[in-house]
Each structure stands twice: as C-alpha cells, then as structure tokens.
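Colleague: Next up is a structure, given as structure tokens.
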Amino acid sequence: METVKGFRDIEDSQKRNQIRNIIESVFQLYNFQAVETPIIEYEEFVKGNNTNDEAVSDIFKLKDKGERNLALRYEFTFQLKRLANNKKLPYKRYQIGPVFRDEPVTGNRWRQFTQCDADIIGANLKDEAEILNLISEILTKLKIKFTINFNNRKLLNEILEDLKISDKEKNQVIKEIDKLDKLPEKEIKQNLQKYNAEKVLDLFKKPESYFEKYKAYEEIKEFKKISSLYKIKLNFQPFLARGLSYYNGSIFEVKSDEKEGIKETIAAGGSYLVNGIQSTGISFGLDRLELIAKVEEQDKKVLIISLSQDKKAVEIADKIRKQNISCEIAYGKPGKALEYANSYQIKYVVFVGEEEIKKKKFKLKDMASGKEKLINEKDLEKEINKL
RNA sequence: GCGAUUGUAGUUCAAUGGUAGAAUGCGCGGUUGUGGUCCGUGUGACGAGGGUUCGAUUCCCUCCUUUCGCUCCA
C-alpha cells in the first residue's frame with residue numbers, strides 16, 4: 001500500500017518529538033501563547049486577500065455533505081485574522097501543526113508538513129529583533145549552524161520605483177530577482193530585459209553602503225542596530241524577496257551552513273499586516289529540521305529477561321520504570337531476547353531466573369561490551385540509574 | 001500543472017516474449033540460561049488497468065508512483 005504522493009509515514013518520531021519539545025519550550029520562554037486552529041476552513045477564508053499568490057492556488061480543496069466549499073490550511077498566518085480579534089496588543093501566539101499544499105514534491109518538500117510558527121501581532125522593529133534572537137536560540141539548541149538572510153520589502157520597492165518600473169511589473173521583477181542565488185546571472189538578465197529592469201542586477205553587486213542613499217535603508221539600519229543588542233549576525237541580501245505577497249517590511253530566510261545540511265530553507269518569516277495591524281512572525285519547517293538537528297537520544301533502555309520468573313520480573317521492571325528509565329520484559333528464550341535487544345538497540349539486559357532469586361543477586365549485562373555483573377537486588381535500580 | 005525520468009520480495013539489486021534469482025531483513029532450528037560470527041531451513045515481488053500475442057514482468061497505450069528541472073515554498 002502506497003501513501004499518497006507527498007505524504008509519508010513517520011515510523012520513528014522520537015527525534016521529531018524532541019525537536020518539537022525544544023522549539024515549544026523556547027517559544028514559551030518568550031511568552032508566546034500556545035494555540036491550535038482547525039485544519040479545515042472555508043475556501044474563501046483560506047484564500048483571503050492573497051488570491052494572486054501562487055501558494056493559494058496550491059490549496060487542497062474539498063466539499064462536505066452540506067456542499068460547503070472548504071480547504072485544508074496551507075499555512076497558519078491567515079487564521080490570525082480570527083485569533084487576533086479583540087486582543088490586547090502585542091498579541092503573541094505560537095502554533096505547531098501540519099499544513100497542506102497541493103504542489104509538486106521534490107527533494108525535502110512534502111505536501112503535508114509541520115510548521116512551527118511564532119507571531120507577534122502589533123509588532124515593531126524591536127519585536128522583529130526578538131524573533132531573530134528566538135530563531136538563533138532554537139537553532140543553537142538544535143546544534144544547527146545557520147545563516148539568516150534578511151532584507152526589507154520597502155527597499156526592494158523603492159529601488160524598483162526608482163528605476164521607473166510599473167507596479168504591475170514589480171512583482172514579476174521581484175520574482176526574477178529572488179532567483180539570484182539559484183540561476184545563472186545571464187539567464188536572469190535576459191528575463192529582466194523584458195521589463196527593462198536589467199539594471200537592478202548591477203545594483204545588487206554594490207556593497208551594502210551603496211544602499212544607504214535609499215530612504216528605506218533607514219529602517220534596515222535601525223533594525224541592524226537593534227539586532228546588535230542580541231549579537232545576531234545578519235546577512236543583508238538586497239535581492240531577497242520571498243514569494244508570499246503579504247510581506248510589507250523585513251523579510252528573513254534561514255539556511256543551514258552544515259556540509260551535510262540541506263539547501264532548502266529551514267525557517268522563514270517577515271513582517272506583514274493582520275487586520276491592519278503591523279505584525280511579524282517566523283515559521284520553522286519541522287520536517288527539515290529533523291534532517292539536520294542533532295539531539296541527544298534517550299538511549300538508556302533496559303530489557304528484563306524472565307526465565308519463567310514472571311512475578312519477580314514484573315516487580316523489577318516496575319522499580320526500574322519508577323526511576324524514569326524505559327524498560328520492558330521478554331518472556332521467551334534468552335537467545336531470542338538478546339537478539340531482540342540488539343535489534344532495537346536496548347543497551348542493558350537483566351536476567352531474572354531461579355538462581356538469581358535464590359541468591360538475591362541479578363545479572364546485569366551490557367550489550368555493547370558483553371560484560372555481566374552480579375548486583376544485589378536492593379541496589380539494582382540504583383546501579384541502572386548510574387549507568 | 002508542464003518537461004524529462006523511474007517502477008521486480010520489507011530493503012538494495014538481477015534475468016527473461018514461455019509467469020522470476022540473489023543479497024539483506026524477517027520467521028524457525030542448530031544452541032530447552034546468553035546476542036551482535038557461522039550453518040541449515042522457511043517466508044516473501046513483477047505499481048494498476050487495457051491492448052498486441054498461442055502466451056506479456058518484458059512490446060504498445062492510459063493512469064498512478066519515483067527522481068530532477070520550471071513555478072512556488074518550511
């Protein structure tokens with residue numbers, strides 16, 4: 001049986017859960033409120049004002065028995081319009097959950113994936129810096145080396161207006177510019193000639209100081225100043241655009257620096273309006289973080305082998321679990337039980353047989369070394385706890 | 001969605017116009033209180049449908065799927 005294209009079974013979700021917990025705990029440290037919202041919404045609401053966005057054309061559509069036109073959420077941001085109503089500002093909320101996009105699957109891209117969002121409704125530049133600090137804290141805890149690319153939509157707009165590019169063509173030009181880190185420059189230049197905008201390419205080669213002449217750079221300058229409070233390194237990328245059209249100020253895109261990392265974006269965000277209120281937010285891609293994060297796996301697991309001494313085995317297992325150590329009992333032949341332990345990476349095994357019960361000493365075996373130790377019944381849990 | 005590409009045991013790979021073989025995994029045994037080595041044995045696959053043919057896993061068509069690019073994006 002196959003899963004649907006772009007959907008998958010996650011057979012070992014332990015690492016995933018640990019990453020989720022780390023992200024969630026940091027969100028909470030910054031006083032974001034946890035929320036959950038419906039996966040299904042009215043199609044009209046999902047589309048929102050962003051009907052021009054390509055992403056909106058990627059929504060999964062469905063109908064219920066009442067012939068309502070519905071859709072699966074393709075992100076969380078639009079749902080903030082409802083949540084942010086009547087809230088004391090700034091309203092800070094986080095949400096972790098699956099979103100759905102009916103789009104082609106390539107590489108590390110799925111049609112169901114889990115986003116971890118933190119947003120501030122009613123935000124200024126200082127809040128944006130705080131969001132960056134939060135990104136940095138999370139990725140550091142996940143032991144991921146990263147670069148934060150950033151830009152400001154206002155700067156892009158100003159540059160394009162300066163070059164007398166019409167509002168209609170602006171979005172097309174921005175899309176071309178956004179490909180700069182991907183396609184060869186020649187190709188982009190050709191495409192830009194259609195809009196008479198090839199000059200922008202030369203602009204983007206200029207050093208950062210060149211952009212100081214633009215009014216919108218003031219905001220970038222101010223933002224950099226605030227961010228320096230947190231010692232966050234930002235990589236100013238004047239051509240960074242981001243596809244979602246609702247962004248109206250700062251935009252961020254986080255990439256992995258790891259050699260074995262992935263080329264896809266691992267977190268992205270920016271500033272936008274919610275019900276006319278200036279807001280900012282970030283979204284992590286849990287599925288991608290899972291590929292590159294290094295988390296310590298809880299690997300102290302114990303297998304009790306009951307050699308027809310089930311009563312004692314259950315008793316000991318219970319004591320070990322009370323120490324908060326994962327433990328299970330095998331009732332079969334010892335050979336089988338040891339193979340089982342190998343197969344599921346259970347590192348310690350305790351034999352519970354007639355002899356042990358008589359002597360009140362139990363054999364504790366380290367699977368990696370094969371060494372066995374006799375341990376007094378009283379000290380057993382303590383010994384295991386110390387391992 | 002468009003263009004290219006892919007599809008055989010759970011996994012990784014073979015062969016073939018006369019319905020398939022290995023490695024590994026899994027099960028059982030050798031070892032009824034000792035595994036990660038070895039030996040034996042078992043299990044298990046032609047993506048789905050249609051066409052050509054005496055006969056199709058093989059050739060053709062459609063759909064699905066895989067991978068890559070475009071578009072877009074976590």
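In the structure tokens, the first chain shown is A, the next is B, and so on; residue numbers restart at 1 for each chain, and ligands run from 1 in the order shown.
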Env of region 62-65 of chain B: 9 Å cut, atoms = only C-alpha atoms (C1' of nucleotides), seq-sep filter 2 positions within chain, self excluded. Answer as an mmCIF file with N, CA and C atoms (P, O5', C5', C4', C3', O3' and C1' of nucleotides), in the first residue's frame.

Modeller:
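Everything below was put into part_9.cif:
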```cif
data_model
loop_
_atom_site.group_PDB
_atom_site.id
_atom_site.type_symbol
_atom_site.label_atom_id
_atom_site.label_comp_id
_atom_site.auth_asym_id
_atom_site.auth_seq_id
_atom_site.Cartn_x
_atom_site.Cartn_y
_atom_site.Cartn_z
ATOM 1 N N GLU A 2 0.558 2.117 -0.893
ATOM 2 C CA GLU A 2 1.367 3.325 -1.007
ATOM 3 C C GLU A 2 0.689 4.493 -0.312
ATOM 4 N N LYS A 5 1.170 10.607 -2.843
ATOM 5 C CA LYS A 5 2.304 11.455 -3.243
ATOM 6 C C LYS A 5 2.477 12.644 -2.295
ATOM 7 P P U B 6 13.909 5.855 -17.451
ATOM 8 O "O5'" U B 6 13.413 5.450 -15.989
ATOM 9 C "C5'" U B 6 14.356 5.236 -14.942
ATOM 10 C "C4'" U B 6 13.644 5.060 -13.631
ATOM 11 C "C3'" U B 6 12.683 3.878 -13.554
ATOM 12 O "O3'" U B 6 13.378 2.683 -13.271
ATOM 13 C "C1'" U B 6 11.629 5.800 -12.670
ATOM 14 P P G B 7 12.774 1.240 -13.805
ATOM 15 O "O5'" G B 7 11.706 0.904 -12.669
ATOM 16 C "C5'" G B 7 12.125 0.867 -11.304
ATOM 17 C "C4'" G B 7 10.902 0.824 -10.404
ATOM 18 C "C3'" G B 7 10.091 -0.463 -10.519
ATOM 19 O "O3'" G B 7 9.553 -0.811 -9.244
ATOM 20 C "C1'" G B 7 8.741 1.378 -11.086
ATOM 21 P P G B 47 5.825 -3.906 -11.392
ATOM 22 O "O5'" G B 47 4.546 -3.366 -10.616
ATOM 23 C "C5'" G B 47 4.516 -3.369 -9.186
ATOM 24 C "C4'" G B 47 3.355 -2.522 -8.731
ATOM 25 C "C3'" G B 47 2.074 -2.714 -9.543
ATOM 26 O "O3'" G B 47 1.303 -3.784 -9.034
ATOM 27 C "C1'" G B 47 2.568 -0.411 -9.397
ATOM 28 P P A B 48 0.350 -4.613 -10.044
ATOM 29 O "O5'" A B 48 -0.802 -3.558 -10.368
ATOM 30 C "C5'" A B 48 -1.813 -3.281 -9.408
ATOM 31 C "C4'" A B 48 -2.879 -2.394 -10.010
ATOM 32 C "C3'" A B 48 -3.481 -2.902 -11.305
ATOM 33 O "O3'" A B 48 -4.516 -3.845 -11.081
ATOM 34 C "C1'" A B 48 -2.877 -0.650 -11.571
ATOM 35 P P G B 49 -4.775 -5.002 -12.219
ATOM 36 O "O5'" G B 49 -5.441 -4.185 -13.407
ATOM 37 C "C5'" G B 49 -6.760 -3.668 -13.271
ATOM 38 C "C4'" G B 49 -7.078 -2.723 -14.398
ATOM 39 C "C3'" G B 49 -7.043 -3.326 -15.801
ATOM 40 O "O3'" G B 49 -8.218 -4.065 -16.110
ATOM 41 C "C1'" G B 49 -5.917 -1.260 -15.820
ATOM 42 P P G B 50 -8.085 -5.286 -17.178
ATOM 43 O "O5'" G B 50 -7.783 -4.557 -18.552
ATOM 44 C "C5'" G B 50 -8.866 -4.033 -19.332
ATOM 45 C "C4'" G B 50 -8.341 -3.157 -20.457
ATOM 46 C "C3'" G B 50 -7.713 -3.879 -21.645
ATOM 47 O "O3'" G B 50 -8.669 -4.452 -22.520
ATOM 48 C "C1'" G B 50 -6.355 -2.054 -21.043
#
```

Colleague: Could you pull out all residues of region 15-54 of chain A with a DSSP call of strand (DSSP E or B) and give them as a list in words?

Modeller: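 Taking region 15-54 of chain A and keeping strand (DSSP E or B) only, one gets Gln33, Ala34, Ile40, Glu41 and Tyr42 of chain A.
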
Colleague: When you look at A4 (chain B) with a cut-off of 12 Å (counting only C-alpha atoms (C1' of nucleotides)), what residues show up, excluding the ones that are within fewer than 4 positions of it in the same chain? I need them as JSON, numbers by chain.

Modeller: {"B": [67, 68, 69, 70]}

Colleague: Go ahead and write the residues just picked, N, CA and C atoms (P, O5', C5', C4', C3', O3' and C1' of nucleotides), as a PDB file, in the first residue's frame.

Modeller:
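Final file, out.pdb:
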```pdb
ATOM      1  P     U B  67      10.934  10.863  -4.547  1.00  0.00           P
ATOM      2  O5'   U B  67      12.035  11.287  -5.618  1.00  0.00           O
ATOM      3  C5'   U B  67      13.355  10.754  -5.535  1.00  0.00           C
ATOM      4  C4'   U B  67      14.113  11.075  -6.788  1.00  0.00           C
ATOM      5  C3'   U B  67      14.166  12.552  -7.163  1.00  0.00           C
ATOM      6  O3'   U B  67      15.160  13.249  -6.441  1.00  0.00           O
ATOM      7  C1'   U B  67      13.624  11.281  -9.079  1.00  0.00           C
ATOM      8  P     C B  68      14.953  14.790  -6.099  1.00  0.00           P
ATOM      9  O5'   C B  68      15.204  15.481  -7.513  1.00  0.00           O
ATOM     10  C5'   C B  68      16.510  15.476  -8.083  1.00  0.00           C
ATOM     11  C4'   C B  68      16.473  16.026  -9.478  1.00  0.00           C
ATOM     12  C3'   C B  68      15.872  17.413  -9.637  1.00  0.00           C
ATOM     13  O3'   C B  68      16.755  18.443  -9.244  1.00  0.00           O
ATOM     14  C1'   C B  68      15.069  16.011 -11.359  1.00  0.00           C
ATOM     15  P     G B  69      16.179  19.818  -8.699  1.00  0.00           P
ATOM     16  O5'   G B  69      15.694  20.519 -10.054  1.00  0.00           O
ATOM     17  C5'   G B  69      16.656  20.915 -11.035  1.00  0.00           C
ATOM     18  C4'   G B  69      15.962  21.364 -12.283  1.00  0.00           C
ATOM     19  C3'   G B  69      14.943  22.480 -12.129  1.00  0.00           C
ATOM     20  O3'   G B  69      15.552  23.755 -12.001  1.00  0.00           O
ATOM     21  C1'   G B  69      14.048  20.814 -13.525  1.00  0.00           C
ATOM     22  P     C B  70      14.847  24.894 -11.149  1.00  0.00           P
ATOM     23  O5'   C B  70      13.595  25.276 -12.058  1.00  0.00           O
ATOM     24  C5'   C B  70      13.793  25.907 -13.330  1.00  0.00           C
ATOM     25  C4'   C B  70      12.473  26.108 -14.011  1.00  0.00           C
ATOM     26  C3'   C B  70      11.446  26.908 -13.227  1.00  0.00           C
ATOM     27  O3'   C B  70      11.672  28.301 -13.324  1.00  0.00           O
ATOM     28  C1'   C B  70      10.410  25.000 -14.167  1.00  0.00           C
TER      29        C B  70
END
```

Colleague: Which residues of chain A come within 6 Å of chain B, and for each one, what is the closest pair of atoms and their distance in Å to one decimal, counting only C-alpha atoms (C1' of nucleotides), sorted by chain and residue number, as CSV?

Modeller:
```
residue,atom,partner,partner_atom,distance
A:Ile266,CA,B:A74,C1',6.0
A:Phe284,CA,B:A74,C1',6.0
A:Gly285,CA,B:A74,C1',3.9
A:Gly335,CA,B:U34,C1',5.9
A:Leu338,CA,B:G35,C1',4.6
A:Glu339,CA,B:G35,C1',4.9
```

Colleague: What's the separation between CA of Ile346 (chain A) and CA of Asp12 (chain A), in Å to one decimal place?

Modeller: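 So the two atoms, CA of Ile346 (chain A) and CA of Asp12 (chain A), lie 15.3 Å apart.
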
Colleague: Measuring atom to atom with only C-alpha atoms (C1' of nucleotides), identify which of B:A9, B:C38, B:C60, B:C54 is nearest to A22 (chain B).

Modeller: B:A9
